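To be precise, the following lines are protein25.cif, and they hold mmCIF, C-alpha atoms, pLDDT in the B column; chains and numbers go by the auth columns.
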data_entry
#
loop_
_atom_site.group_PDB
_atom_site.id
_atom_site.type_symbol
_atom_site.label_atom_id
_atom_site.label_comp_id
_atom_site.label_asym_id
_atom_site.label_seq_id
_atom_site.Cartn_x
_atom_site.Cartn_y
_atom_site.Cartn_z
_atom_site.B_iso_or_equiv
_atom_site.auth_seq_id
_atom_site.auth_asym_id
ATOM 1 C CA MET A 1 -72.013 -108.523 -101.887 61.00 1 A
ATOM 2 C CA GLY A 2 -71.702 -104.836 -102.506 71.00 2 A
ATOM 3 C CA ALA A 3 -70.609 -102.783 -105.468 77.00 3 A
ATOM 4 C CA PRO A 4 -66.990 -102.988 -106.685 77.00 4 A
ATOM 5 C CA VAL A 5 -64.720 -100.439 -105.027 80.00 5 A
ATOM 6 C CA VAL A 6 -61.488 -99.015 -106.424 81.00 6 A
ATOM 7 C CA SER A 7 -59.045 -97.108 -104.246 85.00 7 A
ATOM 8 C CA PHE A 8 -55.656 -95.539 -104.861 87.00 8 A
ATOM 9 C CA CYS A 9 -52.504 -95.102 -102.822 89.00 9 A
ATOM 10 C CA ARG A 10 -49.538 -93.019 -103.883 91.00 10 A
ATOM 11 C CA ILE A 11 -46.164 -93.746 -102.279 90.00 11 A
ATOM 12 C CA ASP A 12 -43.153 -91.478 -102.614 91.00 12 A
ATOM 13 C CA SER A 13 -40.273 -90.200 -100.524 95.00 13 A
ATOM 14 C CA ARG A 14 -41.371 -86.627 -101.303 95.00 14 A
ATOM 15 C CA PRO A 15 -44.664 -84.932 -100.365 95.00 15 A
ATOM 16 C CA ILE A 16 -47.526 -85.820 -102.709 93.00 16 A
ATOM 17 C CA ARG A 17 -49.803 -82.899 -103.522 94.00 17 A
ATOM 18 C CA THR A 18 -52.049 -84.369 -106.226 91.00 18 A
ATOM 19 C CA ARG A 19 -55.415 -85.890 -105.304 89.00 19 A
ATOM 20 C CA GLU A 20 -56.368 -87.260 -108.709 91.00 20 A
ATOM 21 C CA PRO A 21 -56.949 -90.983 -109.344 89.00 21 A
ATOM 22 C CA VAL A 22 -53.931 -93.053 -110.338 90.00 22 A
ATOM 23 C CA MET A 23 -54.414 -93.657 -114.078 91.00 23 A
ATOM 24 C CA GLU A 24 -51.183 -95.601 -114.749 92.00 24 A
ATOM 25 C CA PRO A 25 -50.377 -97.663 -111.641 92.00 25 A
ATOM 26 C CA ASP A 26 -47.050 -99.434 -111.143 92.00 26 A
ATOM 27 C CA ALA A 27 -48.763 -102.151 -109.098 92.00 27 A
ATOM 28 C CA ILE A 28 -52.253 -103.343 -108.238 91.00 28 A
ATOM 29 C CA ILE A 29 -53.714 -105.434 -105.422 90.00 29 A
ATOM 30 C CA ILE A 30 -56.803 -107.485 -106.207 88.00 30 A
ATOM 31 C CA GLN A 31 -58.598 -108.309 -102.962 87.00 31 A
ATOM 32 C CA ASP A 32 -61.625 -110.036 -104.555 86.00 32 A
ATOM 33 C CA VAL A 33 -60.916 -112.423 -107.461 83.00 33 A
ATOM 34 C CA THR A 34 -64.609 -112.488 -108.412 82.00 34 A
ATOM 35 C CA LEU A 35 -64.045 -109.031 -109.922 82.00 35 A
ATOM 36 C CA LEU A 36 -61.447 -110.284 -112.439 78.00 36 A
ATOM 37 C CA HIS A 37 -63.915 -110.561 -115.301 76.00 37 A
ATOM 38 C CA GLN A 38 -66.423 -107.925 -114.166 77.00 38 A
ATOM 39 C CA VAL A 39 -64.274 -104.804 -113.881 79.00 39 A
ATOM 40 C CA ASP A 40 -61.250 -103.715 -115.945 84.00 40 A
ATOM 41 C CA LEU A 41 -58.846 -104.016 -113.030 85.00 41 A
ATOM 42 C CA PHE A 42 -55.778 -103.755 -115.240 86.00 42 A
ATOM 43 C CA ALA A 43 -56.624 -100.450 -116.933 86.00 43 A
ATOM 44 C CA GLY A 44 -53.438 -98.406 -117.232 89.00 44 A
ATOM 45 C CA LEU A 45 -51.176 -101.133 -115.830 89.00 45 A
ATOM 46 C CA ALA A 46 -48.199 -101.809 -118.106 86.00 46 A
ATOM 47 C CA THR A 47 -47.112 -105.383 -118.875 82.00 47 A
ATOM 48 C CA GLU A 48 -44.149 -104.678 -116.541 88.00 48 A
ATOM 49 C CA GLY A 49 -46.543 -103.819 -113.673 90.00 49 A
ATOM 50 C CA PHE A 50 -46.806 -105.827 -110.476 91.00 50 A
ATOM 51 C CA VAL A 51 -49.963 -107.705 -109.456 89.00 51 A
ATOM 52 C CA LEU A 52 -50.806 -109.152 -106.025 89.00 52 A
ATOM 53 C CA VAL A 53 -53.955 -111.303 -105.952 87.00 53 A
ATOM 54 C CA ASN A 54 -55.785 -112.423 -102.816 88.00 54 A
ATOM 55 C CA THR A 55 -56.394 -116.089 -103.672 86.00 55 A
ATOM 56 C CA SER A 56 -55.427 -119.521 -102.422 82.00 56 A
ATOM 57 C CA ARG A 57 -54.829 -120.705 -106.002 77.00 57 A
ATOM 58 C CA ALA A 58 -51.199 -120.863 -107.054 69.00 58 A
ATOM 59 C CA SER A 59 -50.077 -118.621 -109.890 59.00 59 A
ATOM 60 C CA THR A 60 -49.024 -121.633 -111.991 49.00 60 A
ATOM 61 C CA THR A 61 -51.726 -121.071 -114.598 53.00 61 A
ATOM 62 C CA SER A 62 -50.619 -118.923 -117.509 46.00 62 A
ATOM 63 C CA ALA A 63 -51.150 -115.315 -116.474 54.00 63 A
ATOM 64 C CA SER A 64 -52.269 -114.416 -120.002 49.00 64 A
ATOM 65 C CA VAL A 65 -55.028 -117.027 -119.882 47.00 65 A
ATOM 66 C CA LYS A 66 -55.994 -116.198 -116.309 61.00 66 A
ATOM 67 C CA PHE A 67 -56.293 -112.451 -116.842 65.00 67 A
ATOM 68 C CA GLY A 68 -56.909 -112.242 -120.584 66.00 68 A
ATOM 69 C CA ARG A 69 -53.851 -110.080 -121.228 68.00 69 A
ATOM 70 C CA PRO A 70 -50.080 -110.499 -121.433 71.00 70 A
ATOM 71 C CA PHE A 71 -48.188 -110.419 -118.149 71.00 71 A
ATOM 72 C CA GLN A 72 -44.689 -111.118 -116.946 78.00 72 A
ATOM 73 C CA ARG A 73 -44.979 -114.189 -114.716 77.00 73 A
ATOM 74 C CA ASP A 74 -42.365 -112.923 -112.259 84.00 74 A
ATOM 75 C CA ARG A 75 -44.523 -109.845 -111.602 86.00 75 A
ATOM 76 C CA LEU A 76 -47.575 -111.830 -110.443 85.00 76 A
ATOM 77 C CA LEU A 77 -47.916 -112.992 -106.833 85.00 77 A
ATOM 78 C CA THR A 78 -50.796 -114.721 -105.101 86.00 78 A
ATOM 79 C CA CYS A 79 -51.425 -114.558 -101.369 87.00 79 A
ATOM 80 C CA PRO A 80 -54.312 -116.278 -99.512 88.00 80 A
ATOM 81 C CA ALA A 81 -54.878 -113.234 -97.285 86.00 81 A
ATOM 82 C CA THR A 82 -58.546 -114.039 -96.564 85.00 82 A
ATOM 83 C CA GLU A 83 -57.579 -117.577 -95.596 84.00 83 A
ATOM 84 C CA PHE A 84 -54.810 -116.266 -93.325 81.00 84 A
ATOM 85 C CA ALA A 85 -57.231 -113.884 -91.635 79.00 85 A
ATOM 86 C CA SER A 86 -59.884 -116.586 -91.163 78.00 86 A
ATOM 87 C CA ASN A 87 -57.417 -119.082 -89.716 77.00 87 A
ATOM 88 C CA ASN A 88 -55.932 -116.523 -87.360 67.00 88 A
ATOM 89 C CA SER A 89 -59.084 -114.678 -86.300 63.00 89 A
ATOM 90 C CA ALA A 90 -58.809 -116.064 -82.743 57.00 90 A
ATOM 91 C CA ASN A 91 -55.196 -114.885 -82.523 57.00 91 A
ATOM 92 C CA ARG A 92 -55.643 -111.221 -83.374 58.00 92 A
ATOM 93 C CA SER A 93 -52.053 -110.051 -83.405 58.00 93 A
ATOM 94 C CA ARG A 94 -51.164 -106.755 -84.992 56.00 94 A
ATOM 95 C CA THR A 95 -48.606 -108.376 -87.277 55.00 95 A
ATOM 96 C CA PRO A 96 -49.204 -108.087 -91.044 55.00 96 A
ATOM 97 C CA HIS A 97 -49.735 -111.397 -92.817 55.00 97 A
ATOM 98 C CA CYS A 98 -48.534 -110.191 -96.241 56.00 98 A
ATOM 99 C CA SER A 99 -45.922 -107.494 -96.594 52.00 99 A
ATOM 100 C CA ALA A 100 -43.282 -106.282 -98.990 53.00 100 A
ATOM 101 C CA ASP A 101 -40.127 -104.283 -98.402 51.00 101 A
ATOM 102 C CA SER A 102 -38.877 -101.846 -100.984 48.00 102 A
ATOM 103 C CA PRO A 103 -35.149 -101.752 -101.687 50.00 103 A
ATOM 104 C CA ARG A 104 -33.369 -98.685 -100.428 47.00 104 A
#
What would you get if you wrote out this structure as structure tokens?
Amino acid sequence: MGAPVVSFCRIDSRPIRTREPVMEPDAIIIQDVTLLHQVDLFAGLATEGFVLVNTSRASTTSASVKFGRPFQRDRLLTCPATEFASNNSANRSRTPHCSADSPR
């Protein structure tokens, strides 16, 4: 395993000129659950923020216990993306396995 990596993505309907890190994200994606208790993944994320976790475990466990901080349960989603990729590695379609549409 390598060192933990953090990346940022800004999404807006207008041009984005800033290149600074996102300090107060509206949503986070956790691709490696082993980092949950090693890195402060939730820094700057409000309790109303959205969280997508790459895991095959259901999000039935209390989010506060799981992540050590208060969360709104309806803002937490789990997706077994690694499992999907492994099971479909022979069928390499260009279709996303997990996606979200934003309301217009």
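The interatomic distance for the pair atom CA of A:Gly44 and atom CA of A:Ala81 works out to 24.9 Å.
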Figure out the distance between atom CA of A:Pro21 and atom CA of A:Leu77, please, to one decimal in Å.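 Pair atom CA of A:Leu77 / atom CA of A:Pro21 returns 23.9 Å.
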Protein, DNA and RNA residues within 9 Å of (-52.5, -110.1, -102.1), only C-alpha atoms, as a list in words: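 It turns out the residues near that spot are Ile29, Ile30, Gln31, Val51, Leu52, Val53, Asn54, Thr55, Leu77, Thr78, Cys79, Pro80, Ala81, Cys98 and Ser99 of chain A.
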Those residues you just picked out, can you put them in a file as an mmCIF file, in the frame of the given file with C-alpha atoms?
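This went into out_14.cif:
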data_model
loop_
_atom_site.group_PDB
_atom_site.id
_atom_site.type_symbol
_atom_site.label_atom_id
_atom_site.label_comp_id
_atom_site.auth_asym_id
_atom_site.auth_seq_id
_atom_site.Cartn_x
_atom_site.Cartn_y
_atom_site.Cartn_z
ATOM 1 C CA ILE A 29 -53.714 -105.434 -105.422
ATOM 2 C CA ILE A 30 -56.803 -107.485 -106.207
ATOM 3 C CA GLN A 31 -58.598 -108.309 -102.962
ATOM 4 C CA VAL A 51 -49.963 -107.705 -109.456
ATOM 5 C CA LEU A 52 -50.806 -109.152 -106.025
ATOM 6 C CA VAL A 53 -53.955 -111.303 -105.952
ATOM 7 C CA ASN A 54 -55.785 -112.423 -102.816
ATOM 8 C CA THR A 55 -56.394 -116.089 -103.672
ATOM 9 C CA LEU A 77 -47.916 -112.992 -106.833
ATOM 10 C CA THR A 78 -50.796 -114.721 -105.101
ATOM 11 C CA CYS A 79 -51.425 -114.558 -101.369
ATOM 12 C CA PRO A 80 -54.312 -116.278 -99.512
ATOM 13 C CA ALA A 81 -54.878 -113.234 -97.285
ATOM 14 C CA CYS A 98 -48.534 -110.191 -96.241
ATOM 15 C CA SER A 99 -45.922 -107.494 -96.594
#
Measure the distance from atom CA of A:Gln38 to atom CA of A:Phe84 in Å and round it to one decimal. 25.3 Å
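Selection by the PyMOL selection byres ((chain A and resi 3) around 12) on the present file picks out Met1, Gly2, Pro4, Val5, Val6, Asp32, Thr34, Leu35, Gln38 and Val39 of chain A.
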Can you spell out as a ChimeraX atom specification the set of residues that the PyMOL selection byres ((chain A and resi 25) around 12) selects in the structure I just provided? /A:7-11,21-24,26-29,41-51
Please produce an output containing C-alpha atoms for each residue in the selection, written as a PDB file, in the frame of the given file.
ATOM      1  CA  SER A   7     -59.045 -97.108-104.246  1.00 85.00           C
ATOM      2  CA  PHE A   8     -55.656 -95.539-104.861  1.00 87.00           C
ATOM      3  CA  CYS A   9     -52.504 -95.102-102.822  1.00 89.00           C
ATOM      4  CA  ARG A  10     -49.538 -93.019-103.883  1.00 91.00           C
ATOM      5  CA  ILE A  11     -46.164 -93.746-102.279  1.00 90.00           C
ATOM      6  CA  PRO A  21     -56.949 -90.983-109.344  1.00 89.00           C
ATOM      7  CA  VAL A  22     -53.931 -93.053-110.338  1.00 90.00           C
ATOM      8  CA  MET A  23     -54.414 -93.657-114.078  1.00 91.00           C
ATOM      9  CA  GLU A  24     -51.183 -95.601-114.749  1.00 92.00           C
ATOM     10  CA  ASP A  26     -47.050 -99.434-111.143  1.00 92.00           C
ATOM     11  CA  ALA A  27     -48.763-102.151-109.098  1.00 92.00           C
ATOM     12  CA  ILE A  28     -52.253-103.343-108.238  1.00 91.00           C
ATOM     13  CA  ILE A  29     -53.714-105.434-105.422  1.00 90.00           C
ATOM     14  CA  LEU A  41     -58.846-104.016-113.030  1.00 85.00           C
ATOM     15  CA  PHE A  42     -55.778-103.755-115.240  1.00 86.00           C
ATOM     16  CA  ALA A  43     -56.624-100.450-116.933  1.00 86.00           C
ATOM     17  CA  GLY A  44     -53.438 -98.406-117.232  1.00 89.00           C
ATOM     18  CA  LEU A  45     -51.176-101.133-115.830  1.00 89.00           C
ATOM     19  CA  ALA A  46     -48.199-101.809-118.106  1.00 86.00           C
ATOM     20  CA  THR A  47     -47.112-105.383-118.875  1.00 82.00           C
ATOM     21  CA  GLU A  48     -44.149-104.678-116.541  1.00 88.00           C
ATOM     22  CA  GLY A  49     -46.543-103.819-113.673  1.00 90.00           C
ATOM     23  CA  PHE A  50     -46.806-105.827-110.476  1.00 91.00           C
ATOM     24  CA  VAL A  51     -49.963-107.705-109.456  1.00 89.00           C
TER      25      VAL A  51
END
Counting all atoms listed in the file, which of A:Glu20, A:Ser56, A:Pro70, A:Asp12 gets nearest to A:Thr82?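 Among the listed residues, the smallest separation from A:Thr82 belongs to A:Ser56.
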With only C-alpha atoms as the atoms that count, which of A:Val33, A:Ala85, A:Ser13, A:Arg19 lies nearest to A:Arg57?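 Of all the options, A:Val33 lies closest to A:Arg57.
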